[in-house]
$ cat work09.csv   # CSV, C-alpha atoms
chain,number,residue,atom,x,y,z
A,1,MET,CA,-4.2,-70.6,-76.8
A,2,GLY,CA,-3.9,-72.9,-73.8
A,3,THR,CA,-0.3,-72.1,-73.4
A,4,ASN,CA,-1.2,-68.4,-73.3
A,5,THR,CA,-3.8,-69.0,-70.7
A,6,GLU,CA,-1.3,-70.8,-68.5
A,7,GLY,CA,1.2,-68.0,-69.0
A,8,ASN,CA,-1.4,-65.4,-68.0
A,9,LYS,CA,-2.2,-67.4,-64.8
A,10,HIS,CA,1.5,-67.5,-63.9
A,11,SER,CA,2.0,-63.8,-64.4
A,12,SER,CA,-1.1,-62.9,-62.4
A,13,GLY,CA,0.2,-65.1,-59.6
A,14,LEU,CA,3.5,-63.2,-59.6
A,15,GLU,CA,1.6,-59.9,-59.4
A,16,LEU,CA,-0.4,-61.1,-56.5
A,17,LEU,CA,2.8,-62.0,-54.7
A,18,GLU,CA,4.2,-58.6,-55.3
A,19,VAL,CA,1.1,-56.9,-54.1
A,20,LYS,CA,1.2,-59.0,-50.9
A,21,LYS,CA,4.9,-58.0,-50.4
A,22,LEU,CA,4.0,-54.3,-50.9
A,23,ALA,CA,1.2,-54.6,-48.4
A,24,LYS,CA,3.5,-56.2,-45.9
A,25,ASN,CA,6.0,-53.4,-46.4
A,26,ASN,CA,3.3,-50.8,-45.9
A,27,GLN,CA,2.2,-52.5,-42.7
A,28,LYS,CA,5.8,-52.4,-41.5
A,29,HIS,CA,6.0,-48.7,-42.3
A,30,GLN,CA,2.7,-48.0,-40.6
A,31,ARG,CA,3.9,-49.7,-37.4
A,32,LYS,CA,7.1,-47.7,-37.5
A,33,GLY,CA,5.0,-44.5,-37.9
A,34,LEU,CA,2.8,-45.3,-34.9
A,35,SER,CA,5.7,-44.9,-32.4
A,36,SER,CA,6.5,-41.5,-34.0
A,37,VAL,CA,2.9,-40.4,-33.6
A,38,VAL,CA,3.0,-41.4,-29.9
A,39,GLY,CA,6.3,-39.4,-29.5
A,40,ALA,CA,4.8,-36.5,-31.3
A,41,VAL,CA,1.7,-36.5,-29.0
A,42,PHE,CA,4.0,-36.3,-25.9
A,43,MET,CA,6.0,-33.5,-27.5
A,44,VAL,CA,2.9,-31.6,-28.2
A,45,LEU,CA,2.0,-32.0,-24.5
A,46,VAL,CA,5.4,-30.7,-23.5
A,47,MET,CA,5.1,-27.8,-25.9
A,48,ILE,CA,1.7,-26.8,-24.4
A,49,GLY,CA,3.2,-26.8,-20.9
A,50,ALA,CA,6.1,-24.6,-22.1
A,51,LEU,CA,3.7,-22.2,-23.9
A,52,ASN,CA,1.7,-21.9,-20.7
A,53,VAL,CA,4.9,-20.9,-18.8
A,54,ILE,CA,5.7,-18.3,-21.4
A,55,LEU,CA,2.2,-16.9,-21.3
A,56,LEU,CA,2.3,-16.7,-17.5
A,57,ALA,CA,5.7,-14.9,-17.6
A,58,MET,CA,4.3,-12.4,-20.1
A,59,ARG,CA,1.2,-11.8,-17.9
A,60,GLN,CA,3.4,-11.3,-14.9
A,61,GLN,CA,5.7,-8.9,-16.8
A,62,ASP,CA,2.6,-6.9,-17.8
A,63,SER,CA,1.6,-6.7,-14.1
A,64,VAL,CA,5.1,-5.3,-13.2
A,65,THR,CA,4.9,-2.8,-16.0
A,66,GLN,CA,1.4,-1.6,-14.9
A,67,THR,CA,2.6,-1.2,-11.3
A,68,LEU,CA,5.6,0.8,-12.5
A,69,ILE,CA,3.3,3.0,-14.5
A,70,ASP,CA,1.2,3.6,-11.4
A,71,LYS,CA,4.3,4.4,-9.3
A,72,SER,CA,5.6,6.8,-11.9
A,73,SER,CA,2.3,8.6,-12.0
A,74,ALA,CA,2.4,8.9,-8.2
A,75,SER,CA,5.9,10.3,-8.4
A,76,LEU,CA,4.9,12.8,-11.0
A,77,SER,CA,2.0,13.9,-8.8
A,78,ARG,CA,4.5,14.4,-5.9
A,79,LEU,CA,6.7,16.5,-8.1
A,80,ASN,CA,3.7,18.6,-9.3
A,81,GLU,CA,2.4,19.6,-5.8
A,82,GLN,CA,4.2,22.6,-4.3
A,83,ILE,CA,2.8,23.7,-1.0
A,84,SER,CA,3.8,26.7,1.1
A,85,ILE,CA,2.4,28.4,4.1
A,86,ALA,CA,1.1,31.7,2.8
A,87,ASP,CA,0.0,33.2,6.1
A,88,THR,CA,0.1,32.3,9.8
A,89,ARG,CA,-1.8,34.1,12.5
A,90,VAL,CA,-3.1,33.6,16.0
A,91,THR,CA,-6.8,34.2,16.6
A,92,SER,CA,-8.2,36.1,19.5
A,93,SER,CA,-8.9,32.8,21.2
A,94,ASN,CA,-5.2,31.9,20.8
A,95,LYS,CA,-5.7,29.4,18.1
A,96,LEU,CA,-3.4,28.9,15.2
A,97,ASN,CA,-4.9,30.1,11.9
A,98,MET,CA,-2.9,29.2,8.8
A,99,THR,CA,-3.4,29.5,5.1
A,100,VAL,CA,-1.7,26.8,3.0
A,101,ILE,CA,-1.3,27.5,-0.7
A,102,ASN,CA,-0.6,24.9,-3.4
A,103,THR,CA,1.1,26.5,-6.4
A,104,GLY,CA,1.6,23.2,-8.2
A,105,ALA,CA,-0.8,21.6,-10.7
A,106,ALA,CA,-1.5,18.4,-8.8
A,107,ALA,CA,-3.8,18.3,-5.8
A,108,ALA,CA,-2.1,18.0,-2.4
A,109,LYS,CA,-3.3,16.1,0.6
A,110,LEU,CA,-2.2,17.5,3.9
A,111,ALA,CA,-1.2,14.7,6.2
A,112,SER,CA,0.2,16.1,9.4
A,113,ILE,CA,1.1,19.4,11.1
A,114,TYR,CA,4.1,19.6,13.5
A,115,ILE,CA,4.4,22.5,15.9
A,116,VAL,CA,7.7,22.9,17.8
A,117,ASN,CA,7.9,25.2,20.9
A,118,GLU,CA,11.2,26.8,20.2
A,119,THR,CA,11.2,28.8,23.5
A,120,ALA,CA,10.8,25.9,25.8
A,121,SER,CA,14.0,24.2,27.1
A,122,PRO,CA,14.3,21.5,25.9
A,123,LYS,CA,12.2,22.2,22.8
A,124,THR,CA,8.9,20.4,22.7
A,125,GLN,CA,7.1,19.1,19.6
A,126,TYR,CA,3.5,18.4,19.0
A,127,ARG,CA,2.0,16.5,16.1
A,128,PHE,CA,-1.6,16.7,14.8
A,129,ASP,CA,-3.2,14.7,12.1
A,130,LEU,CA,-4.8,16.7,9.3
A,131,ASN,CA,-6.7,13.6,7.9
A,132,SER,CA,-5.6,14.1,4.3
A,133,LEU,CA,-7.0,17.6,4.0
A,134,GLY,CA,-7.1,18.4,0.3
A,135,VAL,CA,-5.7,21.5,-1.3
A,136,ASP,CA,-6.4,21.5,-5.1
A,137,GLY,CA,-3.8,22.6,-7.6
A,138,ARG,CA,-3.3,26.3,-7.7
A,139,GLN,CA,-5.7,26.7,-4.8
A,140,SER,CA,-5.4,27.5,-1.1
A,141,LYS,CA,-6.9,26.3,2.2
A,142,THR,CA,-7.6,28.8,4.9
A,143,ASN,CA,-8.3,28.6,8.6
A,144,ILE,CA,-6.2,25.6,9.2
A,145,GLY,CA,-5.8,25.2,12.9
A,146,SER,CA,-8.7,27.4,14.0
A,147,THR,CA,-11.8,26.1,12.3
A,148,SER,CA,-11.0,23.7,9.5
A,149,PRO,CA,-9.8,21.6,11.2
A,150,SER,CA,-9.6,23.0,14.7
A,151,LEU,CA,-6.4,21.8,16.5
A,152,PRO,CA,-6.4,21.2,20.2
A,153,PHE,CA,-3.5,23.6,20.6
A,154,THR,CA,-3.3,27.0,22.3
A,155,VAL,CA,-0.6,29.4,21.2
A,156,LYS,CA,1.2,31.3,23.9
A,157,SER,CA,1.8,35.0,23.3
A,158,ASP,CA,5.4,34.9,24.5
A,159,THR,CA,6.6,31.8,22.6
A,160,VAL,CA,8.4,31.3,19.3
A,161,TYR,CA,7.0,28.3,17.3
A,162,THR,CA,8.1,26.5,14.2
A,163,VAL,CA,5.2,25.1,12.2
A,164,LYS,CA,5.6,22.4,9.6
A,165,VAL,CA,2.9,21.0,7.3
A,166,VAL,CA,3.6,17.6,5.6
A,167,THR,CA,1.7,16.2,2.7
A,168,MET,CA,0.8,12.6,2.0
A,169,ALA,CA,3.4,12.7,-0.8
A,170,GLY,CA,6.1,13.7,1.6
A,171,ASN,CA,6.5,17.4,0.6
A,172,SER,CA,6.6,19.9,3.4
A,173,ALA,CA,6.4,23.6,4.2
A,174,VAL,CA,7.9,25.2,7.3
A,175,VAL,CA,7.3,28.6,8.8
A,176,LYS,CA,8.5,30.2,12.0
A,177,LEU,CA,6.0,32.1,14.1
A,178,THR,CA,7.2,34.8,16.5
A,179,PRO,CA,5.0,36.9,18.9
A,180,LEU,CA,5.1,40.6,18.5
A,181,LYS,CA,6.8,41.1,21.9
A,182,ALA,CA,9.7,38.9,20.9
A,183,LEU,CA,10.6,40.7,17.7
A,184,PRO,CA,12.2,44.2,17.7
A,185,LEU,CA,10.2,46.3,15.2
A,186,LYS,CA,11.5,49.7,14.0
A,187,MET,CA,8.9,52.4,14.5
A,188,ALA,CA,8.9,56.0,13.4
A,189,ALA,CA,6.3,58.8,13.2
A,190,TYR,CA,6.4,61.4,10.5
A,191,MET,CA,4.4,64.7,10.6
A,192,ILE,CA,3.4,66.3,7.3
A,193,PRO,CA,4.0,69.1,7.0
A,194,PRO,CA,6.8,69.3,9.6
A,195,SER,CA,5.8,72.9,10.6
A,196,ILE,CA,2.2,74.1,10.8
A,197,THR,CA,0.3,77.2,11.3
A,198,THR,CA,-2.8,77.7,13.5
A,199,GLY,CA,-5.9,76.0,12.0
A,200,GLU,CA,-3.9,73.9,9.5
A,201,ASN,CA,-4.5,70.2,9.3
A,202,VAL,CA,-1.5,67.9,9.9
A,203,THR,CA,-1.0,64.3,8.8
A,204,ILE,CA,0.9,61.9,11.0
A,205,LEU,CA,2.3,58.8,9.5
A,206,PHE,CA,3.3,55.9,11.7
A,207,ALA,CA,5.6,53.5,10.1
A,208,VAL,CA,6.5,50.0,11.5
A,209,THR,CA,9.3,48.1,9.7
A,210,ASN,CA,9.5,44.4,10.0
A,211,ASN,CA,13.1,43.4,8.9
A,212,ALA,CA,12.7,39.8,9.9
A,213,THR,CA,13.1,37.5,6.9
A,214,ASP,CA,12.9,34.1,8.6
A,215,THR,CA,9.8,34.5,10.7
A,216,ASN,CA,6.1,35.4,10.5
A,217,LEU,CA,4.4,37.7,13.0
A,218,ALA,CA,1.9,36.0,15.2
A,219,GLN,CA,-0.4,39.0,15.3
A,220,THR,CA,-1.5,41.8,13.0
A,221,VAL,CA,0.3,45.1,13.9
A,222,SER,CA,-2.3,47.7,14.9
A,223,PRO,CA,-0.8,50.9,16.3
A,224,GLN,CA,-2.5,52.6,19.2
A,225,ILE,CA,-1.2,56.2,19.5
A,226,SER,CA,-2.0,58.3,22.4
A,227,VAL,CA,-0.2,61.5,22.0
A,228,SER,CA,-1.3,64.9,23.2
A,229,ILE,CA,0.2,67.9,21.4
A,230,SER,CA,0.4,71.3,23.1
A,231,CYS,CA,1.5,74.3,21.1
A,232,ALA,CA,3.0,77.6,22.0
A,233,GLU,CA,3.8,80.4,19.6
A,234,SER,CA,7.3,79.1,18.8
A,235,SER,CA,7.0,75.4,19.0
A,236,CYS,CA,4.8,72.4,19.7
A,237,ARG,CA,5.4,69.7,22.3
A,238,HIS,CA,4.0,66.2,22.6
B,239,MET,CA,5.5,-61.8,-35.9
B,240,SER,CA,8.8,-60.3,-35.0
B,241,ASN,CA,7.8,-57.2,-36.8
B,242,ILE,CA,4.8,-56.8,-34.6
B,243,VAL,CA,6.8,-57.4,-31.4
B,244,SER,CA,9.4,-54.9,-32.5
B,245,ALA,CA,6.7,-52.3,-33.3
B,246,LEU,CA,5.0,-52.9,-30.0
B,247,LEU,CA,8.3,-52.5,-28.2
B,248,MET,CA,8.9,-49.3,-30.0
B,249,ILE,CA,5.5,-48.0,-29.1
B,250,VAL,CA,5.9,-49.0,-25.4
B,251,ALA,CA,9.4,-47.5,-25.3
B,252,ALA,CA,8.1,-44.2,-26.8
B,253,GLY,CA,5.2,-44.2,-24.4
B,254,ILE,CA,7.4,-44.7,-21.3
B,255,ILE,CA,10.0,-42.2,-22.4
B,256,GLY,CA,7.2,-39.7,-23.4
B,257,THR,CA,5.4,-40.1,-20.1
B,258,PHE,CA,8.6,-39.5,-18.1
B,259,LEU,CA,9.3,-36.5,-20.3
B,260,VAL,CA,5.9,-35.0,-19.8
B,261,VAL,CA,5.9,-35.6,-16.1
B,262,TRP,CA,9.4,-34.1,-15.7
B,263,ALA,CA,8.5,-31.2,-18.0
B,264,ASN,CA,5.3,-30.5,-16.1
B,265,SER,CA,7.0,-30.5,-12.7
B,266,SER,CA,9.8,-28.3,-14.1
B,267,PHE,CA,7.2,-25.9,-15.6
B,268,ALA,CA,5.2,-25.8,-12.4
B,269,PHE,CA,8.4,-24.9,-10.5
B,270,GLN,CA,9.3,-22.3,-13.0
B,271,SER,CA,5.8,-20.8,-12.9
B,272,ALA,CA,5.9,-20.7,-9.1
B,273,GLN,CA,9.3,-19.0,-9.2
B,274,ILE,CA,8.1,-16.4,-11.8
B,275,THR,CA,4.9,-15.7,-9.7
B,276,ASN,CA,6.9,-15.3,-6.5
B,277,GLN,CA,9.5,-13.1,-8.1
B,278,THR,CA,6.9,-10.9,-9.8
B,279,ALA,CA,4.9,-10.6,-6.5
B,280,SER,CA,8.0,-9.5,-4.6
B,281,ARG,CA,8.9,-7.0,-7.3
B,282,ILE,CA,5.4,-5.6,-7.4
B,283,ASN,CA,5.3,-5.4,-3.6
B,284,LEU,CA,8.7,-3.6,-3.7
B,285,VAL,CA,7.4,-1.1,-6.3
B,286,LYS,CA,4.1,-0.6,-4.5
B,287,GLU,CA,5.8,0.0,-1.2
B,288,SER,CA,5.6,3.7,-0.4
B,289,PHE,CA,6.4,5.6,2.8
B,290,VAL,CA,7.2,9.1,3.9
B,291,VAL,CA,9.6,10.2,6.6
B,292,GLU,CA,7.4,13.0,8.0
B,293,ASP,CA,9.8,14.1,10.7
B,294,VAL,CA,13.0,13.4,12.4
B,295,TRP,CA,13.2,14.9,15.9
B,296,PHE,CA,16.5,15.3,17.5
B,297,TYR,CA,16.6,16.1,21.2
B,298,SER,CA,18.7,15.8,24.4
B,299,SER,CA,17.4,13.6,27.1
B,300,SER,CA,20.0,11.5,28.9
B,301,GLY,CA,22.2,11.9,25.9
B,302,ASN,CA,21.5,12.8,22.3
B,303,LYS,CA,18.4,11.0,21.0
B,304,MET,CA,16.2,11.1,18.0
B,305,SER,CA,12.8,9.8,17.0
B,306,VAL,CA,11.6,9.2,13.4
B,307,THR,CA,8.0,9.6,12.4
B,308,ILE,CA,7.1,7.5,9.3
B,309,ARG,CA,3.8,7.4,7.4
B,310,ASN,CA,3.0,4.4,5.3
B,311,THR,CA,1.4,5.9,2.1
B,312,GLY,CA,1.4,2.6,0.1
B,313,ASP,CA,-1.1,-0.1,-0.5
B,314,LEU,CA,0.5,-2.7,1.8
B,315,ALA,CA,2.0,-3.0,5.2
B,316,ILE,CA,5.7,-2.3,5.5
B,317,THR,CA,8.4,-3.3,7.9
B,318,ILE,CA,11.1,-0.8,8.8
B,319,SER,CA,14.1,-2.9,9.2
B,320,LYS,CA,17.0,-0.4,9.7
B,321,ILE,CA,17.8,3.2,10.4
B,322,TYR,CA,21.2,4.7,9.7
B,323,VAL,CA,22.5,8.1,10.7
B,324,ASN,CA,25.4,9.3,8.6
B,325,ASN,CA,25.8,5.7,7.3
B,326,THR,CA,26.0,4.3,10.8
B,327,SER,CA,23.4,1.8,11.8
B,328,VAL,CA,21.6,3.1,14.9
B,329,TRP,CA,18.4,1.0,15.0
B,330,SER,CA,17.5,-2.4,13.7
B,331,THR,CA,14.7,-3.6,15.9
B,332,GLY,CA,12.1,-3.8,13.1
B,333,GLN,CA,8.8,-2.0,13.1
B,334,VAL,CA,5.7,-3.0,11.2
B,335,ILE,CA,3.6,0.0,9.9
B,336,SER,CA,0.2,-1.0,8.6
B,337,ARG,CA,-1.4,0.6,5.5
B,338,GLY,CA,-2.1,4.3,5.9
B,339,SER,CA,-0.9,4.6,9.5
B,340,VAL,CA,1.8,6.7,11.1
B,341,VAL,CA,4.4,5.4,13.6
B,342,THR,CA,7.0,7.2,15.6
B,343,ILE,CA,10.0,5.0,16.1
B,344,PRO,CA,10.9,5.2,19.8
B,345,PRO,CA,13.9,7.2,21.0
B,346,ILE,CA,17.1,6.1,19.3
B,347,ALA,CA,20.4,7.1,20.9
B,348,VAL,CA,22.6,8.9,18.4
B,349,SER,CA,26.1,10.4,18.6
B,350,SER,CA,25.3,13.5,16.5
B,351,THR,CA,26.3,17.0,17.0
B,352,VAL,CA,23.9,19.8,17.7
B,353,GLY,CA,23.6,22.2,14.8
B,354,HIS,CA,24.9,19.9,12.2
B,355,VAL,CA,23.0,18.4,9.2
B,356,GLN,CA,22.4,14.7,9.7
B,357,ASN,CA,21.9,12.2,6.9
B,358,VAL,CA,19.1,9.8,7.9
B,359,TRP,CA,18.6,6.7,5.9
B,360,VAL,CA,15.5,4.5,6.5
B,361,GLN,CA,15.4,1.0,5.0
B,362,THR,CA,12.5,-1.4,4.8
B,363,GLN,CA,12.6,-5.2,4.8
B,364,ARG,CA,11.8,-5.4,1.1
B,365,GLY,CA,14.7,-3.0,0.3
B,366,THR,CA,13.1,0.4,-0.2
B,367,ASN,CA,15.4,3.2,0.9
B,368,ILE,CA,14.9,6.8,1.8
B,369,HIS,CA,17.8,9.1,2.3
B,370,GLN,CA,17.1,12.6,3.7
B,371,ASP,CA,19.1,15.3,5.5
B,372,TRP,CA,17.7,16.7,8.7
B,373,ASN,CA,18.9,19.5,11.0
B,374,TYR,CA,19.8,18.6,14.5
$ encode --input "work09.csv" --output "structure tokens"
Amino acid sequence: MGTNTEGNKHSSGLELLEVKKLAKNNQKHQRKGLSSVVGAVFMVLVMIGALNVILLAMRQQDSVTQTLIDKSSASLSRLNEQISIADTRVTSSNKLNMTVINTGAAAAKLASIYIVNETASPKTQYRFDLNSLGVDGRQSKTNIGSTSPSLPFTVKSDTVYTVKVVTMAGNSAVVKLTPLKALPLKMAAYMIPPSITTGENVTILFAVTNNATDTNLAQTVSPQISVSISCAESSCRH
Amino acid sequence: MSNIVSALLMIVAAGIIGTFLVVWANSSFAFQSAQITNQTASRINLVKESFVVEDVWFYSSSGNKMSVTIRNTGDLAITISKIYVNNTSVWSTGQVISRGSVVTIPPIAVSSTVGHVQNVWVQTQRGTNIHQDWNY
């Protein structure tokens, strides 16, 4: 019995020793693991920094994309505005009176008007600001130059002008303006019927042909006929 | 005892190397971030830059001259750096045009022929180009 007890004590002592050894080994491993943890913490810090840079790059790329989208939209608007000068006249107070039409879908903003005196030698040019005058899509703007807006420019009756309107998007429309006296117009009078009898009514047609293809007339053509007809039995004279 | 010392040495070494790594990485990331921000800003400014050559006026006054009227239609000021006529540099003085304003570049001497179409090329400092043909 006693021998057994002593044997038990001996074996329990050995176990204690083994447990101590194991504990010591564990402590060693724990100490080794501590430096790895410290290294891992630093790595995490570096990774956070790298992630921030990646996020910043993505945000910046997004800004560039947004700007490109805005630019493309502006370019499309530019393509979608189509302006032309539909009519150009000179008022009784010698002011320019223009109608600008926008046949495109996008609204146009008129930026400037350039008027060139083609008759002067050397040619002279005038520029006036139209302050972004809006012409909506498929709409027109009238009385440009005379009232809305009124330009401080007086048109001479014997001068040829070139008028150019420029939009904010860079599109332009040009028209040449020629006074009536500077343009040869073919005129002809027709009498219907050609021969008449006493008391019969006669219709006289007065035709004016404008063959000019590159210019607008500055004034409206309004014929003033002063003809006296005297008739004898055989023929009439005028 | 030696185990404790070696473990401490390992921790200190890892700490020093880690600190250096973090400091270097942070400075490198800061540099990269600044570069990305600057590059993006310059690209955005280049895209946002917008101007219109409203008119090129050729005339004779003590030789053949031209004046170029430019409107800044963008959201930021631009600097016109060079003007070429038929791929020949004729002006490089530099002209700042503020947002929304119009500037006529002063008379530029040109060796163009009357009646011919001239290719006018306007370039900004940021690199935007406009090529247009104008009649003399």
$ interface_residues --input "work09.csv" --of "chain A" --to "chain B" --cutoff "9 Å" --atoms "only C-alpha atoms" --output "ChimeraX atom specification"
/A:28,31-32,34-36,38-43,45-46,49-50,52-54,56-57,60-61,63-64,67-68,70-71,111-112,114,122-125,166-172
$ residues_around --input "work09.csv" --residues "Val160 (chain A)" --least-positions-apart "4" --cutoff "8 Å" --atoms "only C-alpha atoms" --output "number ranges by chain"
A: 117-119, 176-179, 182
$ closest_residue --input "work09.csv" --among "A:Ser132, A:Ser157, A:Thr209, A:Ser140" --to "Ser84 (chain A)" --atoms "all atoms listed in the file"
A:Ser140
$ residues_around --input "work09.csv" --residues "region 146-156 of chain A" --least-positions-apart "3" --cutoff "10 Å" --atoms "all atoms listed in the file" --output "ChimeraX atom specification"
/A:89-91,93-98,113,115,117,126-131,133,141-143,159-161,179,218
$ atom_distance --input "work09.csv" --atom1 "CA of Ser92 (chain A)" --atom2 "CA of Asn211 (chain A)"
24.9 Å
$ closest_residue --input "work09.csv" --among "B:Asn325, B:Thr342, B:Ser300, B:Ser330" --to "Gln363 (chain B)" --atoms "all atoms listed in the file"
B:Ser330
$ build_atoms --input "work09.csv" --residues "region 30-46 of chain A" --atoms "N, CA and C atoms" --output "mmCIF file, keeping the file's coordinate frame"
data_model
loop_
_atom_site.group_PDB
_atom_site.id
_atom_site.type_symbol
_atom_site.label_atom_id
_atom_site.label_comp_id
_atom_site.auth_asym_id
_atom_site.auth_seq_id
_atom_site.Cartn_x
_atom_site.Cartn_y
_atom_site.Cartn_z
ATOM 1 N N GLN A 30 3.747 -48.568 -41.412
ATOM 2 C CA GLN A 30 2.700 -48.000 -40.600
ATOM 3 C C GLN A 30 3.011 -48.233 -39.088
ATOM 4 N N ARG A 31 3.538 -49.433 -38.782
ATOM 5 C CA ARG A 31 3.900 -49.700 -37.400
ATOM 6 C C ARG A 31 5.000 -48.811 -36.905
ATOM 7 N N LYS A 32 6.008 -48.608 -37.828
ATOM 8 C CA LYS A 32 7.100 -47.700 -37.500
ATOM 9 C C LYS A 32 6.552 -46.294 -37.221
ATOM 10 N N GLY A 33 5.636 -45.811 -38.002
ATOM 11 C CA GLY A 33 5.000 -44.500 -37.900
ATOM 12 C C GLY A 33 4.229 -44.313 -36.634
ATOM 13 N N LEU A 34 3.669 -45.386 -36.099
ATOM 14 C CA LEU A 34 2.800 -45.300 -34.900
ATOM 15 C C LEU A 34 3.622 -44.830 -33.688
ATOM 16 N N SER A 35 4.853 -45.301 -33.521
ATOM 17 C CA SER A 35 5.700 -44.900 -32.400
ATOM 18 C C SER A 35 6.042 -43.380 -32.529
ATOM 19 N N SER A 36 6.233 -42.936 -33.787
ATOM 20 C CA SER A 36 6.500 -41.500 -34.000
ATOM 21 C C SER A 36 5.321 -40.656 -33.621
ATOM 22 N N VAL A 37 4.126 -41.171 -33.935
ATOM 23 C CA VAL A 37 2.900 -40.400 -33.600
ATOM 24 C C VAL A 37 2.801 -40.324 -32.059
ATOM 25 N N VAL A 38 3.078 -41.472 -31.381
ATOM 26 C CA VAL A 38 3.000 -41.400 -29.900
ATOM 27 C C VAL A 38 4.025 -40.420 -29.366
ATOM 28 N N GLY A 39 5.234 -40.411 -29.901
ATOM 29 C CA GLY A 39 6.300 -39.400 -29.500
ATOM 30 C C GLY A 39 5.823 -38.017 -29.762
ATOM 31 N N ALA A 40 5.201 -37.821 -30.924
ATOM 32 C CA ALA A 40 4.800 -36.500 -31.300
ATOM 33 C C ALA A 40 3.689 -35.961 -30.327
ATOM 34 N N VAL A 41 2.782 -36.889 -29.908
ATOM 35 C CA VAL A 41 1.700 -36.500 -29.000
ATOM 36 C C VAL A 41 2.363 -35.979 -27.659
ATOM 37 N N PHE A 42 3.353 -36.727 -27.161
ATOM 38 C CA PHE A 42 4.000 -36.300 -25.900
ATOM 39 C C PHE A 42 4.731 -34.957 -26.111
ATOM 40 N N MET A 43 5.363 -34.796 -27.279
ATOM 41 C CA MET A 43 6.000 -33.500 -27.500
ATOM 42 C C MET A 43 5.076 -32.360 -27.551
ATOM 43 N N VAL A 44 3.886 -32.624 -28.150
ATOM 44 C CA VAL A 44 2.900 -31.600 -28.200
ATOM 45 C C VAL A 44 2.465 -31.199 -26.740
ATOM 46 N N LEU A 45 2.322 -32.235 -25.882
ATOM 47 C CA LEU A 45 2.000 -32.000 -24.500
ATOM 48 C C LEU A 45 3.034 -31.111 -23.793
ATOM 49 N N VAL A 46 4.298 -31.445 -24.052
ATOM 50 C CA VAL A 46 5.400 -30.700 -23.500
ATOM 51 C C VAL A 46 5.383 -29.236 -23.979
#
